[in-house]
>>> print(open('final_25.cif').read())   # mmCIF, C-alpha atoms and all ligand atoms
data_data
loop_
_atom_site.label_atom_id
_atom_site.label_comp_id
_atom_site.auth_asym_id
_atom_site.auth_seq_id
_atom_site.Cartn_x
_atom_site.Cartn_y
_atom_site.Cartn_z
CA MET A 1 -3.31 -36.18 -10.32
CA THR A 2 -0.11 -37.34 -8.57
CA LYS A 3 1.23 -35.55 -5.50
CA SER A 4 4.38 -34.44 -7.41
CA PHE A 5 2.36 -32.92 -10.25
CA LEU A 6 0.05 -31.10 -7.87
CA PHE A 7 3.05 -29.89 -5.91
CA LEU A 8 4.74 -28.66 -9.10
CA ILE A 9 1.67 -26.58 -10.02
CA VAL A 10 1.46 -25.03 -6.54
CA LEU A 11 5.21 -24.32 -6.57
CA LEU A 12 5.07 -22.66 -10.02
CA ILE A 13 2.17 -20.43 -8.92
CA THR A 14 4.07 -19.50 -5.75
CA ILE A 15 7.27 -18.65 -7.66
CA GLY A 16 5.31 -16.75 -10.33
CA VAL A 17 3.47 -14.53 -7.82
CA PHE A 18 6.68 -14.02 -5.83
CA LEU A 19 8.66 -12.92 -8.91
CA TRP A 20 5.85 -10.55 -9.91
CA SER A 21 6.01 -8.96 -6.46
CA MET A 22 9.81 -8.74 -6.60
CA ARG A 23 9.62 -6.94 -9.93
CA ARG A 24 7.14 -4.43 -8.53
CA ILE A 25 9.24 -3.83 -5.43
CA PHE A 26 12.79 -3.90 -6.77
CA GLY A 27 12.07 -2.69 -10.33
CA ILE A 28 12.66 0.95 -9.35
CA ILE A 29 16.17 0.32 -8.01
CA PRO A 30 17.88 1.26 -11.34
CA LEU A 31 16.05 4.62 -11.18
CA LEU A 32 17.42 5.48 -7.74
CA LYS A 33 20.76 7.10 -6.92
CA SER A 34 23.90 5.03 -6.59
CA PHE A 35 25.47 4.05 -3.30
CA PRO A 36 29.18 3.11 -3.13
CA ILE A 37 30.00 -0.41 -1.93
CA LYS A 38 33.61 -0.92 -0.88
CA ASN A 39 35.41 -3.12 1.66
CA PRO A 40 33.66 -6.46 1.09
CA TRP A 41 35.55 -8.16 3.96
CA LYS A 42 34.68 -5.50 6.47
CA ARG A 43 31.06 -5.77 5.33
CA LEU A 44 31.15 -9.52 5.78
CA LYS A 45 32.44 -9.07 9.33
CA VAL A 46 29.63 -6.61 10.11
CA THR A 47 27.08 -9.04 8.62
CA LEU A 48 28.36 -11.94 10.73
CA GLU A 49 28.29 -9.79 13.85
CA VAL A 50 25.05 -7.83 13.42
CA ALA A 51 22.89 -10.08 11.21
CA LEU A 52 23.93 -13.63 12.06
CA GLY A 53 25.24 -12.87 15.57
CA GLN A 54 22.27 -10.55 16.29
CA SER A 55 24.65 -8.36 18.34
CA ARG A 56 22.38 -5.30 18.48
CA ILE A 57 19.32 -7.33 19.43
CA PHE A 58 21.19 -8.62 22.49
CA ARG A 59 21.41 -5.11 23.93
CA ARG A 60 18.07 -6.08 25.52
CA PRO A 61 19.05 -9.57 26.68
CA LEU A 62 15.71 -11.32 27.35
CA VAL A 63 13.75 -10.09 24.34
CA GLY A 64 16.97 -10.27 22.35
CA LEU A 65 17.37 -13.97 23.12
CA ALA A 66 13.79 -14.72 22.02
CA HIS A 67 14.35 -12.76 18.76
CA ALA A 68 17.66 -14.45 18.12
CA LEU A 69 16.12 -17.91 18.68
CA VAL A 70 13.41 -17.15 16.11
CA PHE A 71 16.03 -15.89 13.63
CA TRP A 72 18.42 -18.83 14.08
CA GLY A 73 15.47 -21.24 14.11
CA PHE A 74 14.33 -19.87 10.77
CA LEU A 75 17.78 -20.40 9.25
CA ILE A 76 17.83 -24.04 10.37
CA ILE A 77 14.21 -24.78 9.54
CA THR A 78 14.76 -23.33 6.04
CA LEU A 79 17.02 -26.32 5.31
CA GLY A 80 14.10 -28.60 6.19
CA SER A 81 11.83 -26.54 3.92
CA ILE A 82 14.25 -26.97 1.01
CA GLU A 83 14.12 -30.70 1.61
CA MET A 84 10.31 -30.60 1.59
CA VAL A 85 10.36 -28.90 -1.82
CA ILE A 86 12.72 -31.58 -3.17
CA ASP A 87 10.51 -34.30 -1.64
CA GLY A 88 7.40 -32.72 -3.12
CA LEU A 89 8.90 -32.57 -6.62
CA SER A 90 10.60 -35.97 -6.57
CA GLY A 91 7.86 -37.86 -4.75
CA LYS A 92 10.52 -39.14 -2.32
CA GLU A 93 10.44 -38.88 1.45
CA ARG A 94 13.21 -37.22 3.51
CA PHE A 95 15.59 -36.70 0.56
CA PHE A 96 18.53 -35.47 2.70
CA SER A 97 18.48 -38.65 4.81
CA GLN A 98 20.83 -40.23 2.24
CA TRP A 99 23.54 -38.25 4.11
CA PRO A 100 22.77 -39.65 7.59
CA ASP A 101 25.27 -37.70 9.74
CA PHE A 102 24.40 -34.35 8.19
CA TYR A 103 20.73 -35.27 8.33
CA ARG A 104 20.77 -36.14 12.01
CA VAL A 105 22.24 -32.71 12.81
CA ILE A 106 19.70 -30.68 10.85
CA VAL A 107 16.72 -32.78 11.92
CA PHE A 108 17.77 -32.68 15.58
CA SER A 109 18.35 -28.90 15.57
CA GLY A 110 15.15 -28.32 13.57
CA ASP A 111 13.14 -30.28 16.15
CA ILE A 112 14.60 -28.36 19.10
CA PHE A 113 14.29 -24.99 17.37
CA SER A 114 10.68 -25.60 16.31
CA VAL A 115 9.74 -25.66 20.01
CA LEU A 116 12.01 -22.75 20.94
CA VAL A 117 10.53 -20.65 18.11
CA LEU A 118 7.01 -21.68 19.12
CA VAL A 119 7.57 -20.61 22.74
CA SER A 120 9.21 -17.32 21.66
CA ILE A 121 6.32 -16.53 19.31
CA LEU A 122 3.76 -17.23 22.06
CA ALA A 123 5.71 -14.82 24.28
CA PHE A 124 5.74 -12.16 21.52
CA LEU A 125 2.00 -12.56 20.97
CA ALA A 126 1.30 -12.27 24.72
CA ARG A 127 3.51 -9.19 24.88
CA ARG A 128 1.68 -7.54 21.98
CA LEU A 129 -1.79 -8.42 23.26
CA PHE A 130 -1.44 -7.92 27.00
CA MET A 131 1.47 -5.57 27.66
CA LYS A 132 1.67 -1.88 26.86
CA ILE A 133 5.19 -1.48 25.52
CA ARG A 134 5.88 2.18 24.71
CA ARG A 135 7.81 1.53 21.52
CA PHE A 136 4.90 -0.37 19.96
CA TYR A 137 2.88 2.84 19.94
CA GLY A 138 3.20 6.07 18.02
CA VAL A 139 1.47 8.12 15.37
CA GLU A 140 2.95 5.91 12.64
CA MET A 141 1.68 2.68 14.21
CA LYS A 142 -1.72 2.46 12.54
CA PRO A 143 -4.10 -0.46 13.28
CA ILE A 144 -2.91 -2.12 10.05
CA SER A 145 0.66 -2.28 11.43
CA LYS A 146 -0.63 -4.11 14.50
CA ILE A 147 -2.73 -6.50 12.42
CA ASP A 148 0.27 -7.11 10.14
CA ALA A 149 2.47 -8.02 13.13
CA ALA A 150 -0.19 -10.28 14.67
CA VAL A 151 -0.90 -12.09 11.36
CA ALA A 152 2.80 -12.83 10.82
CA LEU A 153 3.20 -14.13 14.37
CA ILE A 154 0.15 -16.39 13.97
CA ILE A 155 1.46 -17.76 10.65
CA ILE A 156 4.85 -18.53 12.24
CA LEU A 157 3.03 -20.21 15.12
CA LEU A 158 1.05 -22.37 12.68
CA LEU A 159 4.26 -23.15 10.78
CA MET A 160 5.85 -24.53 13.94
CA ILE A 161 2.72 -26.50 14.90
CA SER A 162 2.51 -28.05 11.42
CA LEU A 163 6.23 -28.86 11.45
CA LEU A 164 5.92 -30.63 14.79
CA GLY A 165 2.74 -32.39 13.55
CA THR A 166 4.59 -33.63 10.44
CA ASN A 167 7.43 -34.99 12.55
CA ILE A 168 5.16 -36.57 15.18
CA PHE A 169 3.13 -38.45 12.56
CA TYR A 170 6.28 -39.39 10.67
CA ILE A 171 7.51 -41.10 13.83
CA LEU A 172 4.16 -42.86 14.24
CA THR A 173 4.22 -44.13 10.65
CA HIS A 174 7.96 -45.00 10.68
CA PRO A 175 8.57 -46.37 14.20
CA GLY A 176 12.23 -46.40 15.22
CA HIS A 177 13.43 -44.50 12.16
CA LEU A 178 14.21 -40.98 13.37
CA ASP A 179 13.17 -41.21 17.04
CA ASP A 180 16.65 -40.34 18.34
CA SER A 181 17.02 -37.40 15.94
CA LEU A 182 13.59 -35.94 16.72
CA PRO A 183 13.60 -36.06 20.54
CA ILE A 184 10.75 -33.61 21.15
CA SER A 185 8.50 -34.98 18.42
CA ALA A 186 9.20 -38.53 19.67
CA LEU A 187 8.27 -37.46 23.19
CA LEU A 188 5.02 -35.86 22.00
CA ALA A 189 4.21 -38.90 19.83
CA ARG A 190 4.18 -41.02 22.99
CA PHE A 191 1.21 -39.02 24.29
CA LEU A 192 -0.92 -40.01 21.29
CA HIS A 193 -2.81 -43.28 21.29
CA SER A 194 -1.27 -45.18 18.41
CA PRO A 195 -3.66 -44.41 15.56
CA ASP A 196 -4.09 -47.01 12.86
CA PRO A 197 -1.35 -46.72 10.19
CA SER A 198 -3.60 -45.33 7.45
CA GLN A 199 -4.98 -42.66 9.77
CA ALA A 200 -1.43 -41.74 10.92
CA HIS A 201 -0.37 -41.53 7.27
CA ARG A 202 -3.31 -39.22 6.47
CA MET A 203 -2.41 -36.99 9.42
CA HIS A 204 1.23 -36.89 8.28
CA GLU A 205 0.16 -35.85 4.78
CA THR A 206 -2.25 -33.23 6.18
CA PHE A 207 0.45 -31.59 8.36
CA TRP A 208 3.01 -31.87 5.54
CA TRP A 209 0.74 -30.02 3.10
CA MET A 210 -0.32 -27.54 5.76
CA HIS A 211 3.33 -26.71 6.47
CA ILE A 212 4.41 -26.33 2.86
CA LEU A 213 1.31 -24.32 1.85
CA LEU A 214 1.86 -21.99 4.81
CA ILE A 215 5.47 -21.48 3.69
CA PHE A 216 4.32 -20.66 0.15
CA ALA A 217 1.58 -18.34 1.37
CA PHE A 218 3.93 -16.63 3.84
CA ALA A 219 6.54 -16.09 1.11
CA ASN A 220 3.93 -14.19 -0.90
CA ILE A 221 2.49 -12.23 2.03
CA LEU A 222 5.93 -11.11 3.24
CA PRO A 223 6.65 -8.65 0.39
CA TYR A 224 3.60 -6.65 1.50
CA SER A 225 4.33 -6.86 5.20
CA LYS A 226 6.84 -5.42 7.64
CA HIS A 227 8.09 -9.00 7.89
CA PHE A 228 9.69 -8.56 4.47
CA HIS A 229 12.78 -7.96 6.60
CA VAL A 230 13.04 -11.77 6.70
CA PHE A 231 14.44 -11.41 3.15
CA THR A 232 15.98 -7.94 3.25
CA SER A 233 17.65 -7.59 6.66
CA ILE A 234 20.79 -9.64 5.90
CA PRO A 235 21.57 -7.81 2.61
CA ASN A 236 20.71 -4.52 4.31
CA VAL A 237 23.26 -5.15 7.03
CA TYR A 238 25.86 -6.18 4.43
CA PHE A 239 25.38 -2.96 2.45
CA SER A 240 25.11 -0.77 5.53
CA ARG A 241 27.31 2.19 6.28
CA ILE A 242 30.72 1.10 7.52
CA GLU A 243 32.24 4.56 8.00
CA PRO A 244 31.65 6.25 11.38
CA LEU A 245 28.01 7.29 11.64
CA SER A 246 28.97 10.83 12.61
CA LYS A 247 30.84 11.39 9.33
CA MET A 248 28.64 13.58 7.18
CA ASP A 249 29.02 12.83 3.50
CA HIS A 250 29.83 15.69 1.14
CA MET A 251 27.60 16.35 -1.81
CA PRO A 252 29.89 15.76 -4.82
CA GLU A 253 28.20 18.51 -6.85
CA ILE A 254 28.85 21.08 -4.11
CA GLU A 255 32.37 19.80 -3.56
CA LYS A 256 33.02 20.47 -7.25
CA GLU A 257 31.91 24.11 -6.92
CA VAL A 258 33.97 24.62 -3.77
CA LYS A 259 37.07 23.15 -5.43
CA LEU A 260 36.66 25.55 -8.33
CA MET A 261 36.22 28.47 -5.95
CA LEU A 262 39.31 27.58 -3.89
CA ASP A 263 41.46 26.81 -6.88
CA PRO A 264 40.39 28.91 -9.87
CA SER A 265 43.24 27.36 -11.90
CA ALA A 266 41.55 23.94 -11.68
CA SER A 267 40.06 22.96 -14.97
CA PRO A 268 36.28 22.54 -14.81
CA SER A 269 36.74 19.26 -16.67
CA GLU A 270 38.73 17.89 -13.67
CA THR A 271 35.74 18.43 -11.48
CA GLU A 272 33.12 17.73 -14.11
CA LEU A 273 29.98 16.03 -12.83
CA PRO A 274 26.55 15.75 -14.40
CA THR A 275 24.16 18.44 -13.19
CA PRO A 276 21.88 16.84 -10.60
CA ARG A 277 18.13 16.79 -11.20
CA ARG A 278 17.71 18.23 -7.76
CA PHE A 279 19.86 19.04 -4.72
CA GLY A 280 18.91 16.95 -1.72
CA VAL A 281 15.83 14.77 -1.31
CA LYS A 282 12.30 15.83 -2.07
CA ASP A 283 10.81 12.55 -3.19
CA ILE A 284 11.55 8.89 -3.54
CA GLU A 285 13.64 9.11 -6.74
CA ASP A 286 16.12 11.44 -4.97
CA LEU A 287 17.09 8.68 -2.53
CA THR A 288 19.81 6.08 -3.05
CA TRP A 289 18.86 2.44 -3.55
CA LYS A 290 20.33 1.81 -0.10
CA ASN A 291 17.88 4.27 1.51
CA TYR A 292 15.12 2.31 -0.22
CA LEU A 293 16.53 -1.03 0.94
CA ASP A 294 16.60 0.43 4.47
CA ALA A 295 12.89 1.16 4.22
CA LEU A 296 12.19 -2.38 3.01
CA ALA A 297 14.22 -3.84 5.90
CA CYS A 298 12.52 -1.91 8.70
CA THR A 299 10.94 -4.26 11.23
CA GLU A 300 8.92 -1.40 12.83
CA CYS A 301 10.42 -2.45 16.17
CA GLY A 302 10.62 1.17 17.37
CA ARG A 303 14.06 0.81 18.97
CA CYS A 304 15.17 3.92 17.07
CA THR A 305 12.27 6.07 18.26
CA ASP A 306 12.73 4.72 21.77
CA VAL A 307 16.20 6.32 22.00
CA CYS A 308 15.58 9.44 19.91
CA PRO A 309 16.16 12.51 22.14
CA ALA A 310 13.83 14.60 19.98
CA ASN A 311 11.01 12.09 20.38
CA LEU A 312 11.71 11.62 24.10
CA THR A 313 11.41 15.35 24.68
CA GLY A 314 8.02 15.52 22.99
CA LYS A 315 9.05 16.73 19.51
CA LYS A 316 7.13 15.53 16.50
CA LEU A 317 10.03 13.47 15.13
CA SER A 318 10.04 9.67 15.13
CA PRO A 319 12.86 8.04 13.13
CA ARG A 320 10.71 4.93 12.67
CA LYS A 321 8.05 7.10 11.02
CA ILE A 322 10.64 8.57 8.64
CA VAL A 323 11.63 5.08 7.46
CA MET A 324 8.02 3.87 7.27
CA ASP A 325 7.07 7.00 5.30
CA VAL A 326 9.80 6.27 2.75
CA ARG A 327 8.40 2.77 2.34
CA ALA A 328 4.80 4.00 2.05
CA ARG A 329 5.69 6.71 -0.47
CA ALA A 330 7.74 4.26 -2.55
CA LYS A 331 4.79 1.88 -2.57
CA GLU A 332 2.52 4.70 -3.74
CA LYS A 333 4.80 5.95 -6.51
CA ARG A 334 6.72 2.92 -7.73
CA VAL A 335 4.12 1.65 -10.22
CA GLY A 336 4.06 5.09 -11.92
CA LEU A 337 7.86 5.29 -11.88
CA LEU A 338 8.13 1.84 -13.40
CA LYS A 339 5.66 2.74 -16.12
CA HIS A 340 6.69 6.30 -16.99
CA GLY A 341 10.31 6.54 -15.83
CA ILE A 342 12.22 8.89 -13.54
CA ASN A 343 10.32 12.05 -14.54
CA TYR A 344 6.95 10.67 -13.45
CA GLU A 345 5.04 13.02 -11.14
CA ASP A 346 1.77 12.34 -9.34
CA GLY A 347 1.40 15.71 -7.63
CA ARG A 348 2.55 14.39 -4.28
CA ALA A 349 5.96 14.05 -2.61
CA LEU A 350 7.71 12.46 0.36
CA LEU A 351 8.33 15.98 1.67
CA ARG A 352 5.23 17.55 3.22
CA ASP A 353 2.73 14.89 2.03
CA TYR A 354 4.45 12.39 4.32
CA ILE A 355 7.23 14.09 6.30
CA SER A 356 6.81 17.62 7.59
CA GLU A 357 9.47 20.30 7.93
CA GLU A 358 8.84 20.31 11.68
CA GLU A 359 9.89 16.65 11.92
CA LEU A 360 13.01 17.24 9.83
CA TRP A 361 14.30 20.21 11.81
CA ALA A 362 13.66 18.46 15.14
CA CYS A 363 16.54 16.06 14.46
CA THR A 364 19.77 16.71 16.38
CA THR A 365 21.73 14.35 14.05
CA CYS A 366 22.94 12.52 17.15
CA ASN A 367 22.75 9.16 15.31
CA ALA A 368 21.37 7.34 18.36
CA CYS A 369 18.66 5.86 16.11
CA ALA A 370 21.13 4.47 13.56
CA ARG A 371 23.29 3.06 16.33
CA GLU A 372 20.34 1.25 17.90
CA CYS A 373 18.71 -0.16 14.78
CA PRO A 374 19.06 -3.97 14.73
CA VAL A 375 19.24 -4.08 10.92
CA ASN A 376 21.67 -1.15 10.49
CA ILE A 377 19.23 1.31 8.96
CA ASN A 378 20.56 4.84 8.61
CA GLN A 379 17.66 7.18 9.37
CA PRO A 380 19.58 10.49 9.78
CA VAL A 381 20.95 10.35 6.25
CA ILE A 382 17.38 10.57 4.88
CA ILE A 383 16.59 13.49 7.20
CA LEU A 384 19.79 15.23 6.17
CA GLY A 385 19.02 14.77 2.47
CA MET A 386 15.57 16.32 2.93
CA ARG A 387 16.98 19.24 4.88
CA ARG A 388 19.50 19.79 2.11
CA TYR A 389 16.64 20.00 -0.37
CA LEU A 390 14.82 22.55 1.82
CA ALA A 391 17.94 24.68 2.27
CA MET A 392 19.36 24.48 -1.25
CA GLU A 393 16.31 24.23 -3.48
CA GLU A 394 13.67 26.16 -1.54
CA ALA A 395 15.83 28.27 0.81
CA VAL A 396 13.41 27.32 3.56
CA VAL A 397 15.16 26.95 6.91
CA PRO A 398 14.02 27.82 10.45
CA PRO A 399 14.65 31.54 11.30
CA LEU A 400 17.44 30.84 13.82
CA LEU A 401 19.26 28.69 11.32
CA ALA A 402 18.75 31.29 8.58
CA SER A 403 20.46 33.98 10.68
CA MET A 404 23.30 31.59 11.55
CA LEU A 405 23.82 30.77 7.88
CA SER A 406 23.85 34.43 6.89
CA ASN A 407 26.33 35.17 9.74
CA ILE A 408 28.64 32.45 8.45
CA GLU A 409 28.36 33.90 4.98
CA ASN A 410 29.00 37.48 6.12
CA ASN A 411 31.21 37.13 9.20
CA GLY A 412 32.84 33.72 8.75
CA ALA A 413 31.35 32.70 12.10
CA PRO A 414 27.86 31.81 13.37
CA TRP A 415 27.62 35.00 15.47
CA GLN A 416 26.36 38.37 14.33
CA TYR A 417 29.62 40.23 15.11
CA PRO A 418 32.25 40.98 12.47
CA ALA A 419 35.63 39.28 12.70
CA GLU A 420 37.29 42.57 13.81
CA ALA A 421 35.06 42.66 16.91
CA ARG A 422 36.09 39.22 18.10
CA GLU A 423 38.39 40.49 20.82
CA ALA A 424 35.95 43.09 22.10
CA TRP A 425 34.83 40.81 24.93
CA MET A 426 38.19 41.36 26.64
CA GLN A 427 37.24 44.98 27.36
CA PHE A 428 34.39 43.90 29.68
S1 LIG B 501 19.68 11.38 14.71
FE1 LIG B 501 17.77 12.54 14.75
S2 LIG B 501 16.19 11.01 14.46
FE2 LIG B 501 18.04 9.92 15.06
S3 LIG B 501 17.92 9.72 17.28
FE3 LIG B 501 19.10 11.56 16.88
S4 LIG B 501 17.55 13.19 16.88
FE4 LIG B 501 16.43 11.28 16.68
S1 LIG B 502 14.44 1.82 11.66
FE1 LIG B 502 15.43 0.10 12.68
S2 LIG B 502 15.16 0.49 14.87
FE2 LIG B 502 13.73 1.80 13.76
S3 LIG B 502 11.82 0.67 13.71
FE3 LIG B 502 12.91 0.20 11.81
S4 LIG B 502 14.10 -1.63 12.28
FE4 LIG B 502 13.44 -0.80 14.24
#
>>> encode(input="final_25.cif", output="C-alpha cells")
Amino acid sequence: MTKSFLFLIVLLITIGVFLWSMRRIFGIIPLLKSFPIKNPWKRLKVTLEVALGQSRIFRRPLVGLAHALVFWGFLIITLGSIEMVIDGLSGKERFFSQWPDFYRVIVFSGDIFSVLVLVSILAFLARRLFMKIRRFYGVEMKPISKIDAAVALIIILLLMISLLGTNIFYILTHPGHLDDSLPISALLARFLHSPDPSQAHRMHETFWWMHILLIFAFANILPYSKHFHVFTSIPNVYFSRIEPLSKMDHMPEIEKEVKLMLDPSASPSETELPTPRRFGVKDIEDLTWKNYLDALACTECGRCTDVCPANLTGKKLSPRKIVMDVRARAKEKRVGLLKHGINYEDGRALLRDYISEEELWACTTCNACARECPVNINQPVIILGMRRYLAMEEAVVPPLLASMLSNIENNGAPWQYPAEAREAWMQF
C-alpha cells in the first residue's frame, strides 16, 4: 500500500467522523430562534480586534501574551498542516516550496512559533498542575473539565514536539536545503550525532506521521471538548453583540401588545407576529442559535466568574456555569431534537434541572461578565431570557420583586404609595 493511498484512507475516515460530529452538534441550529446579523463591516472590525488581535486576552498581559502566542502560532502552523495534507495526498515533499519567498516566510515563522507555543503550553500545564488559580475552581469545574484541559494541552505539546522532530530530521536528510528558514530546528539538529541517512529518513517519516495523525485525532476530539473554541471562537466573535451591552432587547411579541394598547387605532395586522411557543427561555429550543454558539465557544477560562459581583459576594451564581449548563443541556437534548423535532420533550429542562432560580435572580445584570469574556459571549442575555420565562409564564418572581411589579402596575412607580401621595414627604 503506497503512502498516498494510506494517507487518503486516514484522511477520509477523519473527514467522515468530523462531519458526523458537526451534524450532531450544528444540526439543531435550524430549530433554534433567529438572531439578527447586521453591520458586517463593524463585525469584521470587532473580529480583527478581539479574535485576531486578542485584545481582551491582553487585559492580563503575561498570561495574555502566552495565550496570544498559542493562538497566532496555531494560525501559522495551520498553513504547514495544509501543506502536509497536500504532500500526503500527492506523495510530494514540501509542496509549497515551489513558491520560495512565501515558503521561507511561513516555514521560518512556523519554526519560531512551534517553540513559543511549546514553551507557553509547558507554562500552562505547570500553572494548572502546581498553582491554585481561583478561576480554575468552582462548582461547575468537575474533574472531567480538568482532565479535558490537561489532555488538550498534552496533545498540543506533542504536536509541537512532532513538528520540531519532522523539521529536525528533514534538515538531517536534506542538508543545506532549509537550514536558514528553520533556524531553531537547524540549531537542534546540530546536537544530534549525524544518524545514517536511512535512519534519519525513518525518523522523519515517524515524526511526520505522528504529527499528522495527532492533528486528525485532535480535530475529532475537539468537538467533544472545551477546546472546540479553536473552531468556534472566531465566528462567535464575528456574530457577537455589537450594540451596547447595557441595551436590553425588547421582546417583539410584547412590543406588539404594548403598541396596540397605546394606539388602539393601529391595525393588529400592522403588528402581526406569530404567537410564540413560549415567552422567555425554559429550555434549549427557546434560545437563539447565537446563544448556542456562545456555549460552544466557551473556553471555561472563568474570567467571567472572576469579575461577577454576585459570585464575588458569595452568591450561587457563576456566569461560566450558566454557559456550561447550556452546552451540557444541548448535548443531552440535541439527539432527541434532531430525531423528533422542536416539540421533543424528555421530561427535563435547562431551568431547574441545570440552572436554579436562585442563580438567575442573583444576577445584577451589570454585564461585567460579557465585557470580560475573551470570545464575546453574552451570558446575561441567557439569564434575562430565563427570568422572563419565570415572570411571564410561571409568574414566579422573588417576593420583593413581586411587590415592586405590583406597585408599578397599581401606582405607576416601584413604591407602595399612590401617585397623589408623592408630595407628602414635604410635610415632614
Ligand atoms: S451580569 Fe450577572 S452574571 Fe454577569 S457579572 Fe454581572 S451579576 Fe454576574
Ligand atoms: S463565558 Fe467567556 S469568560 Fe466565561 S468561562 Fe466561558 S470563555 Fe471564559
>>> closest_residue(input="final_25.cif", among="A:Pro380, A:Gly110, A:Pro398, A:Gly302", to="ligand LIG 502 (chain B)", atoms="all atoms listed in the file")
A:Gly302
>>> closest_residue(input="final_25.cif", among="A:Ile82, A:Val326, A:Val46, A:Met141", to="Arg94 of chain A", atoms="all atoms listed in the file")
A:Ile82
>>> residues_near_ligand(input="final_25.cif", ligand="ligand LIG 502 (chain B)", cutoff="8 Å", atoms="all atoms listed in the file", output="list of chain:residue names")
A:Asp294, A:Ala295, A:Ala297, A:Cys298, A:Thr299, A:Glu300, A:Cys301, A:Gly302, A:Arg303, A:Cys304, A:Thr305, A:Pro319, A:Arg320, A:Lys321, A:Val323, A:Met324, A:Cys369, A:Ala370, A:Glu372, A:Cys373, A:Pro374, A:Val375, A:Asn376, A:Ile377, A:Asn378, A:Gln379
>>> residues_near_ligand(input="final_25.cif", ligand="ligand LIG 501 (chain B)", cutoff="10 Å", atoms="only C-alpha atoms and all ligand atoms", output="PDB file with C-alpha atoms, in the coordinates of the input")
ATOM      1  CA  LEU A 245      28.010   7.290  11.640  1.00  0.00           C
ATOM      2  CA  SER A 246      28.970  10.830  12.610  1.00  0.00           C
ATOM      3  CA  ARG A 303      14.060   0.810  18.970  1.00  0.00           C
ATOM      4  CA  CYS A 304      15.170   3.920  17.070  1.00  0.00           C
ATOM      5  CA  THR A 305      12.270   6.070  18.260  1.00  0.00           C
ATOM      6  CA  ASP A 306      12.730   4.720  21.770  1.00  0.00           C
ATOM      7  CA  VAL A 307      16.200   6.320  22.000  1.00  0.00           C
ATOM      8  CA  CYS A 308      15.580   9.440  19.910  1.00  0.00           C
ATOM      9  CA  PRO A 309      16.160  12.510  22.140  1.00  0.00           C
ATOM     10  CA  ALA A 310      13.830  14.600  19.980  1.00  0.00           C
ATOM     11  CA  ASN A 311      11.010  12.090  20.380  1.00  0.00           C
ATOM     12  CA  LEU A 312      11.710  11.620  24.100  1.00  0.00           C
ATOM     13  CA  LYS A 315       9.050  16.730  19.510  1.00  0.00           C
ATOM     14  CA  LEU A 317      10.030  13.470  15.130  1.00  0.00           C
ATOM     15  CA  SER A 318      10.040   9.670  15.130  1.00  0.00           C
ATOM     16  CA  PRO A 319      12.860   8.040  13.130  1.00  0.00           C
ATOM     17  CA  ARG A 320      10.710   4.930  12.670  1.00  0.00           C
ATOM     18  CA  LYS A 321       8.050   7.100  11.020  1.00  0.00           C
ATOM     19  CA  ILE A 322      10.640   8.570   8.640  1.00  0.00           C
ATOM     20  CA  GLU A 359       9.890  16.650  11.920  1.00  0.00           C
ATOM     21  CA  LEU A 360      13.010  17.240   9.830  1.00  0.00           C
ATOM     22  CA  TRP A 361      14.300  20.210  11.810  1.00  0.00           C
ATOM     23  CA  ALA A 362      13.660  18.460  15.140  1.00  0.00           C
ATOM     24  CA  CYS A 363      16.540  16.060  14.460  1.00  0.00           C
ATOM     25  CA  THR A 364      19.770  16.710  16.380  1.00  0.00           C
ATOM     26  CA  THR A 365      21.730  14.350  14.050  1.00  0.00           C
ATOM     27  CA  CYS A 366      22.940  12.520  17.150  1.00  0.00           C
ATOM     28  CA  ASN A 367      22.750   9.160  15.310  1.00  0.00           C
ATOM     29  CA  ALA A 368      21.370   7.340  18.360  1.00  0.00           C
ATOM     30  CA  CYS A 369      18.660   5.860  16.110  1.00  0.00           C
ATOM     31  CA  ALA A 370      21.130   4.470  13.560  1.00  0.00           C
ATOM     32  CA  ARG A 371      23.290   3.060  16.330  1.00  0.00           C
ATOM     33  CA  GLU A 372      20.340   1.250  17.900  1.00  0.00           C
ATOM     34  CA  ASN A 378      20.560   4.840   8.610  1.00  0.00           C
ATOM     35  CA  GLN A 379      17.660   7.180   9.370  1.00  0.00           C
ATOM     36  CA  PRO A 380      19.580  10.490   9.780  1.00  0.00           C
ATOM     37  CA  VAL A 381      20.950  10.350   6.250  1.00  0.00           C
ATOM     38  CA  ILE A 382      17.380  10.570   4.880  1.00  0.00           C
ATOM     39  CA  ILE A 383      16.590  13.490   7.200  1.00  0.00           C
ATOM     40  CA  LEU A 384      19.790  15.230   6.170  1.00  0.00           C
TER      41      LEU A 384
END
>>> closest_residue(input="final_25.cif", among="A:Lys226, A:Arg104, A:Arg329, A:Arg241", to="Asp179 of chain A", atoms="only C-alpha atoms")
A:Arg104
>>> residues_around(input="final_25.cif", residues="segment 219-224 of chain A", least_positions_apart="3", cutoff="7 Å", atoms="only C-alpha atoms", output="PyMOL selection string")
chain A and resi 17-18+21+215-216+227-228
>>> residues_near_point(input="final_25.cif", point="(29.6, -5.5, 8.8)", cutoff="9 Å", atoms="all atoms listed in the file", output="JSON, numbers by chain")
{"A": [40, 41, 42, 43, 44, 45, 46, 47, 48, 49, 50, 51, 237, 238, 239, 240, 241, 242]}
>>> residues_near_point(input="final_25.cif", point="(6.5, -33.3, -4.3)", cutoff="8 Å", atoms="all atoms listed in the file", output="list of chain:residue names")
A:Lys3, A:Ser4, A:Phe5, A:Leu6, A:Phe7, A:Leu8, A:Met84, A:Val85, A:Ile86, A:Asp87, A:Gly88, A:Leu89, A:Ser90, A:Gly91, A:Lys92
>>> closest_residue(input="final_25.cif", among="A:Lys33, A:Arg422, A:Met203, A:Glu253", to="Asn291 of chain A", atoms="only C-alpha atoms")
A:Lys33
>>> residues_around(input="final_25.cif", residues="segment 387-394 of chain A", least_positions_apart="4", cutoff="6 Å", atoms="all atoms listed in the file", output="list of chain:residue names")
A:Phe279, A:Gly280, A:Val281
>>> closest_residue(input="final_25.cif", among="A:Gln416, A:Leu182, A:Ile161, A:Gly138", to="Lys316 of chain A", atoms="all atoms listed in the file")
A:Gly138
>>> closest_residue(input="final_25.cif", among="A:Leu19, A:Leu32, A:Ala266, A:Leu62", to="Asp286 of chain A", atoms="all atoms listed in the file")
A:Leu32
>>> atom_distance(input="final_25.cif", atom1="atom CA of Glu345 of chain A", atom2="atom CA of Asn236 of chain A")
28.1 Å
>>> atom_distance(input="final_25.cif", atom1="atom CA of Trp72 of chain A", atom2="atom CA of Thr166 of chain A")
20.6 Å
